[in-house]
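Structure below is query20.cif: mmCIF, C-alpha atoms.
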```cif
data_model
#
loop_
_atom_site.label_atom_id
_atom_site.label_comp_id
_atom_site.auth_asym_id
_atom_site.auth_seq_id
_atom_site.Cartn_x
_atom_site.Cartn_y
_atom_site.Cartn_z
CA MET A 143 0.00 0.00 0.00
CA SER A 144 1.47 3.38 -0.91
CA ARG A 145 1.15 6.52 1.12
CA THR A 146 -0.46 8.24 -1.83
CA GLY A 147 -3.00 5.44 -2.21
CA VAL A 148 -5.60 4.47 0.32
CA ALA A 149 -4.99 6.22 3.64
CA ALA A 150 -6.42 3.40 5.73
CA VAL A 151 -7.57 -0.15 5.28
CA VAL A 152 -10.08 -1.51 7.75
CA SER A 153 -11.68 -4.88 8.10
CA ALA A 154 -15.36 -5.40 8.81
CA ALA A 155 -15.98 -5.02 12.51
CA ALA A 156 -16.50 -8.15 14.53
CA VAL A 157 -18.90 -8.56 17.41
CA LEU A 158 -18.62 -11.64 19.58
CA THR A 159 -21.10 -12.72 22.20
CA ALA A 160 -20.25 -15.38 24.74
CA ILE A 161 -22.78 -18.11 25.32
CA ALA A 162 -21.36 -18.61 28.79
CA VAL A 163 -19.14 -16.14 30.58
CA PRO A 164 -15.57 -17.51 30.49
CA THR A 165 -14.18 -18.18 33.92
CA ALA A 166 -10.43 -18.45 33.41
CA SER A 167 -8.25 -16.73 35.96
CA SER A 168 -7.49 -13.04 35.76
CA ALA A 169 -4.14 -11.63 34.70
CA ARG A 170 -1.04 -13.57 35.60
CA ALA A 171 2.12 -11.84 36.64
CA GLY A 172 4.68 -11.42 33.89
CA SER A 173 7.95 -9.62 33.41
CA ALA A 174 9.07 -6.64 35.48
CA GLY A 175 7.77 -3.18 34.66
CA CYS A 176 4.27 -1.79 34.32
CA TYR A 177 2.15 -2.04 31.18
CA SER A 178 2.27 1.24 29.29
CA PHE A 179 0.37 2.76 26.40
CA SER A 180 2.02 4.37 23.39
CA ARG A 181 1.13 7.89 22.30
CA ALA A 182 -0.81 6.44 19.33
CA GLU A 183 -2.79 4.08 21.58
CA ARG A 184 -3.77 6.96 23.86
CA ALA A 185 -4.69 9.04 20.81
CA PHE A 186 -7.07 6.32 19.57
CA ALA A 187 -8.71 6.10 23.00
CA ALA A 188 -9.13 9.89 23.08
CA ARG A 189 -10.67 9.95 19.58
CA ILE A 190 -13.09 7.18 20.54
CA ASP A 191 -14.10 9.05 23.70
CA ARG A 192 -14.66 12.30 21.75
CA ALA A 193 -16.87 10.46 19.26
CA ARG A 194 -18.85 8.89 22.08
CA ALA A 195 -19.21 12.22 23.92
CA ALA A 196 -20.55 13.83 20.73
CA HIS A 197 -23.35 11.23 20.84
CA GLY A 198 -24.08 11.62 24.55
CA LEU A 199 -22.31 8.40 25.53
CA ARG A 200 -20.00 7.80 28.48
CA ARG A 201 -16.25 7.54 28.15
CA LEU A 202 -14.67 4.09 27.95
CA HIS A 203 -12.10 2.87 30.44
CA LEU A 204 -8.77 2.28 28.64
CA ASP A 205 -8.14 -1.21 29.95
CA LYS A 206 -4.59 -2.61 30.21
CA GLN A 207 -5.70 -6.23 30.08
CA LEU A 208 -7.88 -5.78 26.98
CA SER A 209 -5.04 -3.77 25.46
CA ARG A 210 -2.65 -6.67 26.12
CA ALA A 211 -4.99 -8.99 24.20
CA ALA A 212 -5.28 -6.38 21.43
CA ARG A 213 -1.48 -6.01 21.28
CA LYS A 214 -1.04 -9.75 20.82
CA HIS A 215 -3.52 -9.66 17.94
CA SER A 216 -1.85 -6.64 16.29
CA TRP A 217 1.50 -8.44 16.36
CA GLU A 218 -0.12 -11.51 14.78
CA MET A 219 -1.58 -9.41 11.95
CA ARG A 220 1.75 -7.64 11.42
CA ARG A 221 3.61 -10.96 11.21
CA ALA A 222 1.01 -12.37 8.78
CA ARG A 223 0.96 -9.05 6.84
CA THR A 224 -2.83 -9.17 6.61
CA LEU A 225 -5.87 -7.98 8.56
CA PHE A 226 -8.06 -10.52 10.32
CA HIS A 227 -10.27 -10.65 13.40
CA THR A 228 -9.79 -12.52 16.63
CA THR A 229 -11.72 -15.78 16.49
CA PRO A 230 -14.26 -16.60 19.21
CA ALA A 231 -11.93 -19.38 20.45
CA GLN A 232 -9.00 -16.93 20.72
CA ALA A 233 -11.21 -14.44 22.55
CA ARG A 234 -12.22 -17.10 25.08
CA ARG A 235 -8.57 -18.06 25.64
CA ARG A 236 -7.29 -14.48 25.97
CA ILE A 237 -10.05 -12.47 27.63
CA THR A 238 -11.81 -13.52 30.83
CA ARG A 239 -15.17 -12.56 32.28
CA TRP A 240 -16.78 -11.08 29.16
CA ARG A 241 -20.30 -11.15 27.80
CA SER A 242 -19.89 -9.33 24.50
CA LEU A 243 -16.93 -7.95 22.59
CA GLY A 244 -16.57 -5.71 19.58
CA GLU A 245 -13.36 -5.52 17.59
CA ASN A 246 -12.09 -3.05 15.01
CA VAL A 247 -8.89 -3.86 13.13
CA GLY A 248 -7.11 -1.69 10.62
CA ARG A 249 -3.89 -0.79 8.90
CA GLY A 250 -2.82 2.71 7.95
CA TYR A 251 -0.45 5.59 8.52
CA SER A 252 -2.05 7.74 11.21
CA THR A 253 -4.52 7.62 14.06
CA ALA A 254 -6.55 10.37 12.36
CA SER A 255 -6.94 8.53 9.03
CA LEU A 256 -7.72 5.20 10.67
CA HIS A 257 -10.26 6.73 13.07
CA ARG A 258 -11.96 8.49 10.14
CA ALA A 259 -12.07 5.18 8.25
CA PHE A 260 -13.56 3.41 11.28
CA MET A 261 -16.22 6.10 11.69
CA ALA A 262 -17.07 5.99 7.95
CA SER A 263 -17.75 2.24 8.16
CA ALA A 264 -21.14 1.34 9.68
CA PRO A 265 -19.97 -1.82 11.55
CA HIS A 266 -16.87 -0.08 12.97
CA ARG A 267 -18.85 3.02 13.91
CA HIS A 268 -21.40 0.77 15.63
CA ASN A 269 -18.64 -0.66 17.86
CA VAL A 270 -17.37 2.83 18.75
CA LEU A 271 -20.89 4.05 19.59
CA THR A 272 -22.38 0.98 21.31
CA ARG A 273 -23.93 2.24 24.54
CA GLY A 274 -23.29 -1.01 26.45
CA PHE A 275 -19.53 -1.03 26.04
CA ARG A 276 -17.63 0.08 29.16
CA HIS A 277 -13.99 -0.87 28.44
CA VAL A 278 -11.68 -0.53 25.46
CA GLY A 279 -8.33 -2.13 24.69
CA VAL A 280 -6.17 -0.42 22.10
CA SER A 281 -3.04 -1.63 20.35
CA VAL A 282 -0.88 0.00 17.71
CA VAL A 283 2.08 -1.95 16.33
CA LYS A 284 4.21 -0.04 13.85
CA GLN A 285 6.43 -1.38 11.08
CA ASN A 286 8.03 0.74 8.37
CA GLY A 287 5.59 3.59 9.01
CA VAL A 288 2.52 1.34 8.86
CA MET A 289 0.27 1.09 11.91
CA TRP A 290 -1.39 -2.27 12.61
CA VAL A 291 -4.32 -1.51 14.92
CA THR A 292 -6.60 -3.65 17.05
CA ILE A 293 -9.33 -2.09 19.20
CA ILE A 294 -11.37 -4.35 21.48
CA PHE A 295 -14.58 -3.10 23.11
CA GLU A 296 -16.07 -4.91 26.12
CA SER A 297 -19.29 -4.54 28.09
CA ARG A 298 -18.47 -6.06 31.47
CA ARG A 299 -16.68 -4.60 34.46
CA ASP A 300 -13.01 -5.63 34.74
CA PRO A 301 -12.81 -8.13 31.88
CA GLY A 302 -9.34 -9.54 32.68
CA THR A 303 -6.93 -11.61 30.61
CA THR A 304 -5.15 -14.93 30.75
CA LEU A 305 -2.13 -13.39 29.00
CA PRO A 306 0.96 -12.53 31.05
CA MET A 307 0.85 -8.97 32.38
CA PRO A 308 3.82 -7.08 33.81
CA ALA A 309 3.76 -6.77 37.58
CA CYS A 310 4.03 -3.20 38.85
#
```
Now, as a test, write the supplied structure out as C-alpha cells.
Amino acid sequence: MSRTGVAAVVSAAAVLTAIAVPTASSARAGSAGCYSFSRAERAFAARIDRARAAHGLRRLHLDKQLSRAARKHSWEMRRARTLFHTTPAQARRRITRWRSLGENVGRGYSTASLHRAFMASAPHRHNVLTRGFRHVGVSVVKQNGVMWVTIIFESRRDPGTTLPMPAC
C-alpha cells in the first residue's frame, strides 16, 4: 500500500457474544515493569471518547488487560501481513469474564486517518458508539511507518486476561 494510495484499510468489525461467561483466571504476573500505552494508543482512545461524547455516551475505560490482548492480535496481523479478526476461540482463551466484545482492526499511517475510516464504516462506527460497552483495549504496532491496529470493546466490568501482564 502506498502513502499516496488508500490512507487506511479496515476490516469489517466483529462482534462476539459469549454463550457462557468464560471463567479463566485473571491476569497472571509477567515480566518486570508496568504495562504502558504508546502515544498512538492513547490518541485512539481519546478519539473514541470524543466520538462517544458527541453522541451523549459515556467515556470508555482504557483497559490494560484488553489492550494486552489487542497487542497480541496486532503483532499476529503484522507478522502475517494481513488484517483478520480474533476468532471466538481466541477471545475465550485471551479475555476472561466477558459477555460481549466488539473488535475493530485496521492498517494505515495515522490515528486520524484510521479513526476516520472506522467512523465511515457502519460496523466499525457501531462498535465505537455501542452504549453497552464500558472498556476498550487499544493496540498500535508499527512497522516501516505502517500502523497495525486492534481495538477491542467490552461490556463487562473488569474483563481480565489470561495473557501474562507485567507486575508493577
Between range 266-294 of chain A and range 211-219 of chain A, at 9 Å or less, what are the per-residue closest atom pairs and their distances in Å? Count all atoms listed in the file, order by chain and rising residue number, and return it as JSON lines.
```
{"residue": "A:Gly279", "atom": "CA", "partner": "A:Ala212", "partner_atom": "CA", "distance": 6.2}
{"residue": "A:Val280", "atom": "CA", "partner": "A:Ala212", "partner_atom": "CA", "distance": 6.1}
{"residue": "A:Ser281", "atom": "CA", "partner": "A:Arg213", "partner_atom": "CA", "distance": 4.7}
{"residue": "A:Val282", "atom": "CA", "partner": "A:Ser216", "partner_atom": "CA", "distance": 6.9}
{"residue": "A:Val283", "atom": "CA", "partner": "A:Ser216", "partner_atom": "CA", "distance": 6.1}
{"residue": "A:Trp290", "atom": "CA", "partner": "A:Ser216", "partner_atom": "CA", "distance": 5.7}
{"residue": "A:Val291", "atom": "CA", "partner": "A:Ser216", "partner_atom": "CA", "distance": 5.9}
{"residue": "A:Thr292", "atom": "CA", "partner": "A:Ala212", "partner_atom": "CA", "distance": 5.3}
{"residue": "A:Ile293", "atom": "CA", "partner": "A:Ala212", "partner_atom": "CA", "distance": 6.3}
{"residue": "A:Ile294", "atom": "CA", "partner": "A:Ala212", "partner_atom": "CA", "distance": 6.4}
```
- Item | Distance criterion (all atoms listed in the file): nearest to Ser297 in chain A out of A:Ser242, A:Ser263, A:Ser178, A:Ser252 |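 Among the listed residues, the smallest separation from Ser297 in chain A belongs to A:Ser242.
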- Item | One-decimal distance in Å that lies between CA of Arg184 in chain A and CA of Met261 in chain A |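 About the pair CA of Met261 in chain A and CA of Arg184 in chain A: they are 17.4 Å apart.
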- Item | For CA of Val288 in chain A and CA of Tyr251 in chain A, the interatomic separation in Å (one decimal) |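 Interatomic distance here is 5.2 Å.
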- What is the distance, in Å and to one decimal place, between CA of Arg298 in chain A and CA of Ala185 in chain A? 23.1 Å
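Considering the residues A:Arg234, A:Arg221, A:Arg241, A:Arg267 and counting only C-alpha atoms, Gln285 in chain A has its shortest atom-to-atom contact with A:Arg221.
Proximity ranking of A:Ala231, A:Ala262, A:Val247, A:Ala187 relative to Asp205 in chain A places A:Ala187 first, based on all atoms listed in the file.
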- Quick one: residues within 12 Å of range 191-197 of chain A, only C-alpha atoms counted, chain neighbours fewer than 2 positions away excluded, as JSON, numbers by chain? {"A": [184, 185, 186, 187, 188, 189, 199, 200, 201, 202, 203, 204, 257, 258, 260, 261, 267, 268, 269, 270, 271, 272, 273, 274, 275, 276, 277, 278]}
- Item | Shortest interatomic distance to Ser255 in chain A - which of A:Met289, A:Arg223, A:Arg236, A:Thr228, counting only C-alpha atoms | A:Met289
Supply range 251-273 of chain A as a PDB file, in the frame of the given file, with N, CA and C atoms built in where the input has gaps.
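Written output follows (selection.pdb):
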```pdb
ATOM      1  N   TYR A 251      -1.629   4.777   8.221  1.00  0.00           N
ATOM      2  CA  TYR A 251      -0.450   5.590   8.520  1.00  0.00           C
ATOM      3  C   TYR A 251      -0.635   6.591   9.644  1.00  0.00           C
ATOM      4  N   SER A 252      -1.864   6.791  10.115  1.00  0.00           N
ATOM      5  CA  SER A 252      -2.050   7.740  11.210  1.00  0.00           C
ATOM      6  C   SER A 252      -3.310   7.398  11.996  1.00  0.00           C
ATOM      7  N   THR A 253      -3.330   7.834  13.244  1.00  0.00           N
ATOM      8  CA  THR A 253      -4.520   7.620  14.060  1.00  0.00           C
ATOM      9  C   THR A 253      -5.704   8.366  13.463  1.00  0.00           C
ATOM     10  N   ALA A 254      -5.457   9.572  12.934  1.00  0.00           N
ATOM     11  CA  ALA A 254      -6.550  10.370  12.360  1.00  0.00           C
ATOM     12  C   ALA A 254      -7.188   9.661  11.169  1.00  0.00           C
ATOM     13  N   SER A 255      -6.369   9.173  10.228  1.00  0.00           N
ATOM     14  CA  SER A 255      -6.940   8.530   9.030  1.00  0.00           C
ATOM     15  C   SER A 255      -7.638   7.224   9.372  1.00  0.00           C
ATOM     16  N   LEU A 256      -7.078   6.461  10.285  1.00  0.00           N
ATOM     17  CA  LEU A 256      -7.720   5.200  10.670  1.00  0.00           C
ATOM     18  C   LEU A 256      -9.015   5.453  11.429  1.00  0.00           C
ATOM     19  N   HIS A 257      -9.020   6.430  12.331  1.00  0.00           N
ATOM     20  CA  HIS A 257     -10.260   6.730  13.070  1.00  0.00           C
ATOM     21  C   HIS A 257     -11.346   7.200  12.100  1.00  0.00           C
ATOM     22  N   ARG A 258     -10.980   8.045  11.138  1.00  0.00           N
ATOM     23  CA  ARG A 258     -11.960   8.490  10.140  1.00  0.00           C
ATOM     24  C   ARG A 258     -12.508   7.294   9.358  1.00  0.00           C
ATOM     25  N   ALA A 259     -11.626   6.372   8.983  1.00  0.00           N
ATOM     26  CA  ALA A 259     -12.070   5.180   8.250  1.00  0.00           C
ATOM     27  C   ALA A 259     -13.004   4.333   9.108  1.00  0.00           C
ATOM     28  N   PHE A 260     -12.676   4.162  10.381  1.00  0.00           N
ATOM     29  CA  PHE A 260     -13.560   3.410  11.280  1.00  0.00           C
ATOM     30  C   PHE A 260     -14.931   4.077  11.372  1.00  0.00           C
ATOM     31  N   MET A 261     -14.948   5.393  11.525  1.00  0.00           N
ATOM     32  CA  MET A 261     -16.220   6.100  11.690  1.00  0.00           C
ATOM     33  C   MET A 261     -17.021   6.152  10.391  1.00  0.00           C
ATOM     34  N   ALA A 262     -16.372   5.996   9.244  1.00  0.00           N
ATOM     35  CA  ALA A 262     -17.070   5.990   7.950  1.00  0.00           C
ATOM     36  C   ALA A 262     -17.641   4.611   7.610  1.00  0.00           C
ATOM     37  N   SER A 263     -17.281   3.602   8.379  1.00  0.00           N
ATOM     38  CA  SER A 263     -17.750   2.240   8.160  1.00  0.00           C
ATOM     39  C   SER A 263     -18.827   1.911   9.205  1.00  0.00           C
ATOM     40  N   ALA A 264     -20.024   1.573   8.751  1.00  0.00           N
ATOM     41  CA  ALA A 264     -21.140   1.340   9.680  1.00  0.00           C
ATOM     42  C   ALA A 264     -20.821   0.312  10.781  1.00  0.00           C
ATOM     43  N   PRO A 265     -20.238  -0.857  10.472  1.00  0.00           N
ATOM     44  CA  PRO A 265     -19.970  -1.820  11.550  1.00  0.00           C
ATOM     45  C   PRO A 265     -18.923  -1.315  12.555  1.00  0.00           C
ATOM     46  N   HIS A 266     -17.892  -0.610  12.069  1.00  0.00           N
ATOM     47  CA  HIS A 266     -16.870  -0.080  12.970  1.00  0.00           C
ATOM     48  C   HIS A 266     -17.435   1.048  13.829  1.00  0.00           C
ATOM     49  N   ARG A 267     -18.208   1.918  13.193  1.00  0.00           N
ATOM     50  CA  ARG A 267     -18.850   3.020  13.910  1.00  0.00           C
ATOM     51  C   ARG A 267     -19.784   2.472  14.996  1.00  0.00           C
ATOM     52  N   HIS A 268     -20.497   1.400  14.657  1.00  0.00           N
ATOM     53  CA  HIS A 268     -21.400   0.770  15.630  1.00  0.00           C
ATOM     54  C   HIS A 268     -20.609   0.352  16.885  1.00  0.00           C
ATOM     55  N   ASN A 269     -19.443  -0.260  16.704  1.00  0.00           N
ATOM     56  CA  ASN A 269     -18.640  -0.660  17.860  1.00  0.00           C
ATOM     57  C   ASN A 269     -18.238   0.559  18.690  1.00  0.00           C
ATOM     58  N   VAL A 270     -17.789   1.617  18.038  1.00  0.00           N
ATOM     59  CA  VAL A 270     -17.370   2.830  18.750  1.00  0.00           C
ATOM     60  C   VAL A 270     -18.537   3.411  19.545  1.00  0.00           C
ATOM     61  N   LEU A 271     -19.744   3.366  18.980  1.00  0.00           N
ATOM     62  CA  LEU A 271     -20.890   4.050  19.590  1.00  0.00           C
ATOM     63  C   LEU A 271     -21.873   3.121  20.308  1.00  0.00           C
ATOM     64  N   THR A 272     -21.488   1.879  20.566  1.00  0.00           N
ATOM     65  CA  THR A 272     -22.380   0.980  21.310  1.00  0.00           C
ATOM     66  C   THR A 272     -22.466   1.427  22.764  1.00  0.00           C
ATOM     67  N   ARG A 273     -23.683   1.720  23.198  1.00  0.00           N
ATOM     68  CA  ARG A 273     -23.930   2.240  24.540  1.00  0.00           C
ATOM     69  C   ARG A 273     -23.460   1.277  25.636  1.00  0.00           C
TER      70      ARG A 273
END
```
